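Read through the structure below, which is laid out as C-alpha cells, and then see the notes.
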Amino acid sequence: MDKILEGLVSSDHSIPVKKAIVKKVVEAAEKEVTEEQCQALFTLTTRLILLGEDAFQKQIGFQVLEAYARYHRPEFERFFNKDFVLSLLQQGYGQLDRKDPAVIDYIHCCLRLLISCPSVLEIFGVIQVEVLRMVCERPEPVLCARLSTLLSDFLQCIPRDKSGVLFCQQLVRTISYFHCFANQERELREYVGQVTKVSTLLQNIWKTEPATLLPSLQEVFAIISSTDPSFDPSIALASLVQHIPVQMITVLIKSLTTDQNVRDASMTKALCRMIDWLSWPLAHHVDTWVIALLKGLAAVQKFTILIDVTLLKIELVFSRLWYPIVRQGALAVLSHMLLSFQHSPEAFHLVVPHVVHLVQSLRTDGLPTSKAFLLQFTELIHCMMYQYSGFPDLYDHILEAIKDLTKPAEEKIKLVLNQSAWTSQSNSFASGLQRQAGKSETGKTGLVNLGNTCYMNSIIQTLFMATDFRRHVLSLNLNGSNTLMKKLQLLFAFLAHTQRAAYAPRNFLEASRPPWFNMGSQQDCSEYLRFLLDRLHEEEKTLQVLESAKPNISSLVDTSSNNTTGATSAEEQEESHLTAAEPKPDGRTLIERTFGGKLITGIRCMQCNCISKKEEPFTDLSLAFCPSAIPQESSQTQGPAEEPRVLCQGSVNGGSEVPEPGLAKAPASNVNFVPVTNEPPLSVPDLVNYFLAPEILDEDNAYFCEKCSSLQRAERTMKVVSAPEYLILTLLRFAYDAKCHIRRKILDNVTIPPLMRLPVHASSSPALCSSSTSSPLQVDSPDSSENLAKKLKPSQKDEEEEEKVRIDGVEEINRLGEMPVQSVPYVLSSVVMHSGVSSESGHYYSYGHNINGADGTQHPANHFTIKEETGSVQAECSLSTCSALSVPPEQSHKLPNSGREAKDWLLFNDSRVTFTSFQSVQNITNRFPKDTAYVLMYRKQEQPGQNLNGGLMANGMRLSAEPPLQKELLDAIIKDNKLYLQVESGGEKTDNT
C-alpha cells in the first residue's frame with residue numbers, strides 16, 4: 001500500500017485519477033494490515049505532510065494519515081508518541097526547522113486523532129514544557145498564531161500554576177516583538193488575524209486562570225514603560241486591552257500612579273505607547289485605558305508628565321481621526337487631552353493647522369457615519385476656540401470652514417470645558433512655559449505668559465509700541481539704578497534686541513505687580529496700567545525731590561543724551577540713579593509729559609447759575625456706555641432726566657485662559673449679552689462725547705450749592721484743557737447689576753476709527769463761585785468712573801441752543817465762560833482686546849501699529865483731505881465734540897494704519913507675534929463676538945505751526961530714531977543672546993529671567 005501511495009504521488013497521472021486512487025487507498029484503511037505496513041504508511045504520510053512539495057501532496061498525506069489513524073489507533077499511538085513529539089519540537093523533521101509552522105500544524109492534527117488515547121496525557125506534558133520554551137524564544141507571529149490555535153483547542157497543553165503565569169508573561173513579551181513590514185492589504189489582514197489569535201489565547205487563559213491576569217498586566221506595563229532606546233514594543237500589544245475587564249481599570253491605574261518605584265520617565269513612556277495603540281484597528285477600550293491613565297496622573301498631580309505627553313502625542317492622536325476604524329476612540333482621547341490641557345493654548349494650536357483639511361475630508365468621504373462624527377468634532381473645536389480666544393489669525397479659516405454647521409450653545413460649551421480640566425486642580429505651575437520656535441516673520445519678540453499674566457503682557461507690548469515713549473525710556477541714563485523705570489528700560493531693550501522668540505519678564509512682573517494682585521491669578525489690564533504709570537510717576541517725583549535737596553551737585557547728564565559707552569566718573573556713578581529725575585522746563589515727569597492730560601470739571605447750580613470749577617490731571621479716560629446699551633434684567637422705561645440706578649460700570653479681571661470655577665452654573669444671561677438693535681454701532685468718538693456730555697445732578701445726587709446753602713439741581717460738565725501726547729481710553733465694558741449681584745459684560749461692537757479729533761479747551765479764568773485746587777497726579781478708577789455711567793446726554797436741540805459753533809478753529813462759547821477750542825487730531829497706536837464673557841476671566845491680547853522706516857514717523861492728519869465721519873449723533877463737524885476722521889479712498893494708501901497692507905499692524909498674543917491688518921482690528925468683534933476692544937491708545941499728531949500744551953515736541957521728546965543702547969543694557973543683551981544660542985545649539989531648553 002505504501003508503494004502504491006508513493007508511486008501515486010510521483011506519477012504523472014492527472015489530478016482526477018490521483019484523487020480516485022487516494023479514495024481507494026483511504027477505503028483500504030478499513031481492512032486489516034500489518035503493524036509494519038501501518039508504521040511505514042504513517043512515516044510516508046508524515047513525510048508528505050511535512051516535506052511535501054506542494055499543497056496537493058500535503059492534502060494526500062493528511063487524508064491517508066487520518067484514515068489509517070482512525071482504524072488502526074494502537075499502531076498510530078505507538079507511532080505518535082511523546083518521544084516523537086519531543087523530537088519534532090526540539091529538532092524539526094529532516095531538513096524542516098523546528099520553528100516551521102508546519103510542525104505545529106502536524107502535531108495539532110495528530111492530537112485530534114489521538115485525543116481518546118491514554119498516551120495523549122504524556123504528550124500534553126511534553127507540549128506544556130516545550131511551548132514555554134518556544135515562547136521564550138520569541139517566535140514569529142505566524143508560528144505564534146499556529147501555536148495559539150493548538151493551545152486553544154487543547155487547553156491541557158497550556159502550562160499550569162507558576163509555569164502558567166510565566167507562560168502568559170512570556171507570551172505578552174513575545175507579542176511586544178511582533179512587527180509587520182508588509183504594505184499589501186492581504187498581508188496586513190493576515191498579520192492582524194495572527195495577533196488576534198494570540199490575544200484570544202491569553203483571554204481564554206485569563207478566564208480559566210484568573211491568577212495569571214495581574215502578572216500579565218504587570219508585564220505589559222514593564223514592557224511599555226521601558227526606557228531602553230534599542231527596544232520599541234509593538235503596538236500589537238493593543239490587542240490585549242480589549243480582553244482586560246473594564247472594571248479593573250480604576251484599581252490598576254491607581255496602583256500604577258501611586259507606585260513610588262515607577263519613575264516619571266517610565267510613566268511617560270508607558271502613556272506615550274498606550275496612545276500609539278490607538279492605531280491598532282481592532283482593539284476596543286484603548287481610549288478608555290488612555291483616558292483613565294491621564295486622569296490617574298492628574299489625580300496625583302503628575303502635571304509634568306501630562307504636559308510632555310500631550311504636546312508630544314496630540315498631533316498623532318489627531319491624525320488617527322482620518323481612519324474610520326479607529327476614529328471614535330481617537331476623538332475620545334483627543335477631546336480629553338484638549339479639554340484637560342486648559343492652562344495654555346499650545347496643545348490646541350498644534351492641531352489647528354490640520355482642522356480645515358479634516359473637515360473637508362469628512363464632508364466628502366461619503367461614509368454614513370462621517371456627518372455625525374463631523375458634528376462631534378466641530379463641537380470640540382468650538383469649545384477650544386471659545387476657551388483659547390484671542391487668536392483671530394489662527395481661527396478665521398476654521399470658522400469659515402464650519403460656518404454652516406451647528407454651533408453648541410454657550411451653556412453647553414462651559415459645561416464641557418468644566419468637566420475634565422486637571423489644571424483647575426492646581427495653579428502651582430506657570431502656564432506660559434511653552435515650547436518656543438524661532439522668531440516669527442515679524443522680527444518682533446513675544447512675552448512668555450508666566451501664569452495668567454497676559455494682562456501685563458498686553459500692556460507692556462502696548463507701551464513698547466508707543467514709539468516716542470519707548471525711545472525716550474531707552475535713551476535715559478539709568479546706569480547703577482535699581483528703579484522700576486530701569487527695569488522697564490531693560491525690558492524694552494530685550495524686546496528690541498533679544499534673539500529669543502519670546503522673553504520671560506519675571507523680574508519686571510515681581511517689581512511692577514500691584515500688592516493686591518495675587519500671583520498666578522487673573523487681573524485687570526487697565527488697573528495694572530494705571531498702577532504702573534502711577535508708580536513710574538511717583539518714583540520720578542521722589543527722585544526729583546531728592547535731587548533738589550542736594551544743590552551742590554553739578555549738572556547731571558541729559559536724559560535724552562545718546563551716551564552709548566555708559567562710562568562715568570565715580571562721583572557720577574554714585575549719583576547716576578538721579579539722572580532720570582532731572583527737572584524739566586515745566587517740572588513734569590516723563591509719565592505726565594507722555595500720557596498726562598488735564599480735565600476741568602464745572603458744576604453750575606441751576607438755581608442761581610453759580611459755577612464752580614476744578615482742574616484735575618488724568619492719564620486715561622474711562623469711557624462708560626450709554627445706559628441704553630447696558631444689559632438690564634428689567635425693561636422698565638426711564639425718563640430723560642432719571643438716573644439709571646441698577647447698573648454701574650467698571651473694569652474687568654481678565655488675563656486667564658481658565659474659566660472661573662463654577663462659571664458654567666450661572667445662567668448665560670449673567671455673563672453674556674449681545675444687543676439686538678437696528679441702530680448703527682457705537683464709535684469711540686460717541687463714547688468720548690458721552691463722557692464729556694453734561695450730567696444732571698438731582699435727587700439723591702443733588703449738588704450742595706454754597707451760594708444757595710442747600711442741595712440744588714445742577715449741571716456738571718467736563719472739558720479737556722490739556723491734550724496728552726498719548727491718549728489712553730478705557731472702555732468700561734462691565735456693568736454691575738445691583739439687583740442680581742452680578743457683573744455683565746457689554747458686548748456691543750464699538751467702531752474704532754484710525755484717526756479722530758479730540759476737543760481741547762483753553763484754560764479759563766478762576767471759578768466764579770468756588771474752586772478746588774488741582775490734586776497730585778491721579779488716575780481714573782473704576783469706582784470714580786461709575787458716576788460717568790449715570791450721565792444723561794442732552795438732546796440735540798439743547799446742544800444747539802447752548803453752543804454756538806464756528807468751524808475750522810474759531811472760538812466757542814459754553815457755560816463755563818469763553819474757552820477757545822482746538823480740535824486735536826489723534827492717530828490710533830494700539831488696542832488691547834479682552835476676549836471672554838465674564839468679568840472674572842478671559843484673555844488679553846493686543847494690536848499694535850507697526851511703524852516702518854528708520855525714523856518711525858507717522859503721517860500727520862493734515863497731510864490728507866480730511867473729512868468728518870457721518871452717521872453718528874455727533875457728526876456735526878463741531879469743534880466741541882470728538883469726531884472720527886476719514887480719508888478719501890484715493891488717498892487711503894498713504895495712511896500707514898489704513899489696513900491696506902497686511903503688515904501695517906501686529907497682533908501680540910503672549911509668546912505669539914504675527915502680522916495683521918487694521919481691518920482685523922475693526923472687524924474682530926463681528927467675527928468673534930466675545931472679543932472686544934478694552935484699552936485704546938491714540939498718538940497725538942502735531943500739525944505745522946502747532947505746539948499744543950507744551951507736549952513732547954516742545955520738550956525735544958519726539959526722537960526721530962531708535963537711540964543706541966547704553967553699554968550696561970548692551971552687555972546684558974549680548975550675554976543673554978550668547979547663552980540662548982549656546983543652549984539652543986545643544987538642543988536644551990533655557991529661559992531668561
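Residues are referred to by chain and number: the chain letter is A, B, ... according to the order shown in the C-alpha cells, the number counts from 1 in that chain, and ligands are numbered separately from 1 in the order shown.
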
What's the 6 Å shell around Gly596 in chain A, counting only C-alpha atoms, without same-chain residues fewer than 5 positions away, as a VMD selection string?
chain A and resid 618 to 619 724

Write out, as a tab-separated table (two decimals), in the first residue's frame, the residues just selected, with all heavy atoms.
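Written output follows (result-v4.tsv):
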chain	number	residue	atom	x	y	z
A	618	PHE	N	-5.18	113.67	34.40
A	618	PHE	CA	-5.58	112.30	34.10
A	618	PHE	C	-4.51	111.65	33.22
A	618	PHE	O	-3.77	112.33	32.50
A	618	PHE	CB	-6.94	112.25	33.39
A	618	PHE	CG	-6.94	112.81	31.98
A	618	PHE	CD1	-6.63	112.00	30.89
A	618	PHE	CD2	-7.23	114.15	31.76
A	618	PHE	CE1	-6.62	112.52	29.60
A	618	PHE	CE2	-7.22	114.66	30.47
A	618	PHE	CZ	-6.92	113.85	29.38
A	619	THR	N	-4.44	110.33	33.30
A	619	THR	CA	-3.58	109.56	32.39
A	619	THR	C	-4.40	108.66	31.49
A	619	THR	O	-3.87	108.09	30.55
A	619	THR	CB	-2.56	108.70	33.18
A	619	THR	OG1	-3.26	107.90	34.13
A	619	THR	CG2	-1.53	109.57	33.88
A	724	PRO	N	-3.09	114.98	26.08
A	724	PRO	CA	-1.87	114.19	26.26
A	724	PRO	C	-1.24	113.82	24.92
A	724	PRO	O	-1.92	113.79	23.89
A	724	PRO	CB	-2.37	112.94	26.99
A	724	PRO	CG	-3.79	112.80	26.55
A	724	PRO	CD	-4.31	114.20	26.36

Name all residues at most 7 Å from range 113-123 of chain A (count only C-alpha atoms; drop same-chain ones fewer than 5 positions away) and give them as a list in words.
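Within the cut-off, the hits are Glu66, Ala69, Arg70, Glu77, Asn81 and Lys82 of chain A.
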
Could you name the residues that touch Asn261 in chain A at 12 Å or less, counting only C-alpha atoms, but leaving out those on the same chain fewer than 6 positions away, as a CSV table (one decimal) with all heavy atoms, in the first residue's frame?
chain,number,residue,atom,x,y,z
A,222,ALA,N,5.5,46.8,32.3
A,222,ALA,CA,7.0,46.8,32.3
A,222,ALA,C,7.6,47.0,30.9
A,222,ALA,O,8.6,47.6,30.7
A,222,ALA,CB,7.5,45.5,32.9
A,255,SER,N,-3.0,51.8,41.2
A,255,SER,CA,-1.8,51.1,41.7
A,255,SER,C,-0.6,51.6,40.9
A,255,SER,O,0.5,51.8,41.5
A,255,SER,CB,-2.0,49.6,41.4
A,255,SER,OG,-0.8,48.9,41.7
A,267,MET,N,6.8,56.3,33.4
A,267,MET,CA,5.3,56.5,33.2
A,267,MET,C,5.1,57.3,31.9
A,267,MET,O,4.1,57.0,31.2
A,267,MET,CB,4.8,57.3,34.4
A,267,MET,CG,3.3,57.5,34.4
A,267,MET,SD,2.3,56.0,34.5
A,267,MET,CE,2.6,55.6,36.2

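Among the candidate residues A:Leu214, A:Val837, A:Leu202, A:Ile307, the one lying nearest to Leu155 in chain A is A:Leu202, with distances computed using only C-alpha atoms.
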
With only C-alpha atoms as the atoms that count, which of A:Ile205, A:Ile728, A:Ile107, A:Ala67 lies nearest to Phe80 in chain A?
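Ranking A:Ile205, A:Ile728, A:Ile107, A:Ala67 by distance to Phe80 in chain A, first place goes to A:Ile107.
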
Hey, what's within 9 Å of Leu240 in chain A if we count only C-alpha atoms and toss same-chain stuff fewer than 4 positions away? As a list in words, please?
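Contacts, with the query itself left out: Val172, Thr196, Ser199, Thr200, Leu202, Gln203, Ala236, Ile244 and Ala283 of chain A.
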
Restricting the output to N, CA and C atoms, write the selected residues as a short mmCIF file (atom, residue, chain, number, x, y, z; two decimals), in the first residue's frame.
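For reference, out_26.cif as written:
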data_model
loop_
_atom_site.label_atom_id
_atom_site.label_comp_id
_atom_site.auth_asym_id
_atom_site.auth_seq_id
_atom_site.Cartn_x
_atom_site.Cartn_y
_atom_site.Cartn_z
N VAL A 172 3.10 37.57 26.45
CA VAL A 172 2.92 39.03 26.33
C VAL A 172 4.17 39.66 25.76
N THR A 196 -4.56 38.54 16.59
CA THR A 196 -5.84 38.30 17.25
C THR A 196 -5.92 36.91 17.85
N SER A 199 -3.86 36.92 21.10
CA SER A 199 -4.52 37.64 22.19
C SER A 199 -5.74 36.89 22.68
N THR A 200 -6.42 36.20 21.78
CA THR A 200 -7.57 35.40 22.19
C THR A 200 -7.16 34.26 23.10
N LEU A 202 -4.66 34.33 25.20
CA LEU A 202 -4.43 34.92 26.52
C LEU A 202 -5.76 35.21 27.21
N GLN A 203 -6.73 35.67 26.47
CA GLN A 203 -8.04 35.92 27.06
C GLN A 203 -8.61 34.64 27.66
N ALA A 236 1.01 45.88 18.62
CA ALA A 236 0.15 44.69 18.69
C ALA A 236 -0.28 44.40 20.12
N ILE A 244 -9.07 42.88 28.70
CA ILE A 244 -8.89 43.18 30.12
C ILE A 244 -10.22 43.68 30.66
N ALA A 283 -8.64 46.96 18.35
CA ALA A 283 -8.60 46.99 19.81
C ALA A 283 -9.69 47.90 20.35
#

So that I can see what lies close to range 381-394 of chain A, please list as a tab-separated table (two decimals) with C-alpha atoms, in the first residue's frame the residues with an atom at most 6 Å from it, counting only C-alpha atoms and leaving out residues fewer than 4 positions away in the same chain.
chain	number	residue	atom	x	y	z
A	345	PRO	CA	-3.45	77.04	24.07
A	413	ILE	CA	-19.55	74.86	25.95
A	835	SER	CA	-11.68	88.02	24.98

Let me make sure I understand: among A:Val921, A:Leu293, A:Leu979, A:Ala723, which one has the smallest atom-to-atom distance to Arg939 in chain A if we use only C-alpha atoms?
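Selected residue with least distance to Arg939 in chain A: A:Ala723.
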
Compile the contact shell of Leu599 in chain A as JSON, numbers by chain: residues with an atom at most 6 Å away, counting only C-alpha atoms, same-chain residues fewer than 2 positions apart removed.
{"A": [615, 616, 719, 720, 721]}

Prev. selection, C-alpha atoms, output as a PDB file, in the first residue's frame:
ATOM      1  CA  GLU A 615      -8.907 121.127  37.325  1.00  0.00           C
ATOM      2  CA  GLU A 616      -7.733 117.532  37.555  1.00  0.00           C
ATOM      3  CA  LYS A 719     -13.702 119.779  29.364  1.00  0.00           C
ATOM      4  CA  VAL A 720     -10.314 118.546  28.270  1.00  0.00           C
ATOM      5  CA  VAL A 721      -7.950 121.508  28.701  1.00  0.00           C
TER       6      VAL A 721
END

Just how far from CA of Thr442 in chain A is CA of Lys486 in chain A, in Å to one decimal?
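Here the two named atoms are 26.5 Å from each other.
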
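If only C-alpha atoms are the atoms counted, then among A:Tyr503, A:Arg363, A:Arg733, A:Ile851 the closest residue to Lys930 in chain A is A:Arg733.
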
Quick check, in Å to one decimal: how far apart do CA of Trp322 in chain A and CA of His357 in chain A lie?
9.9 Å
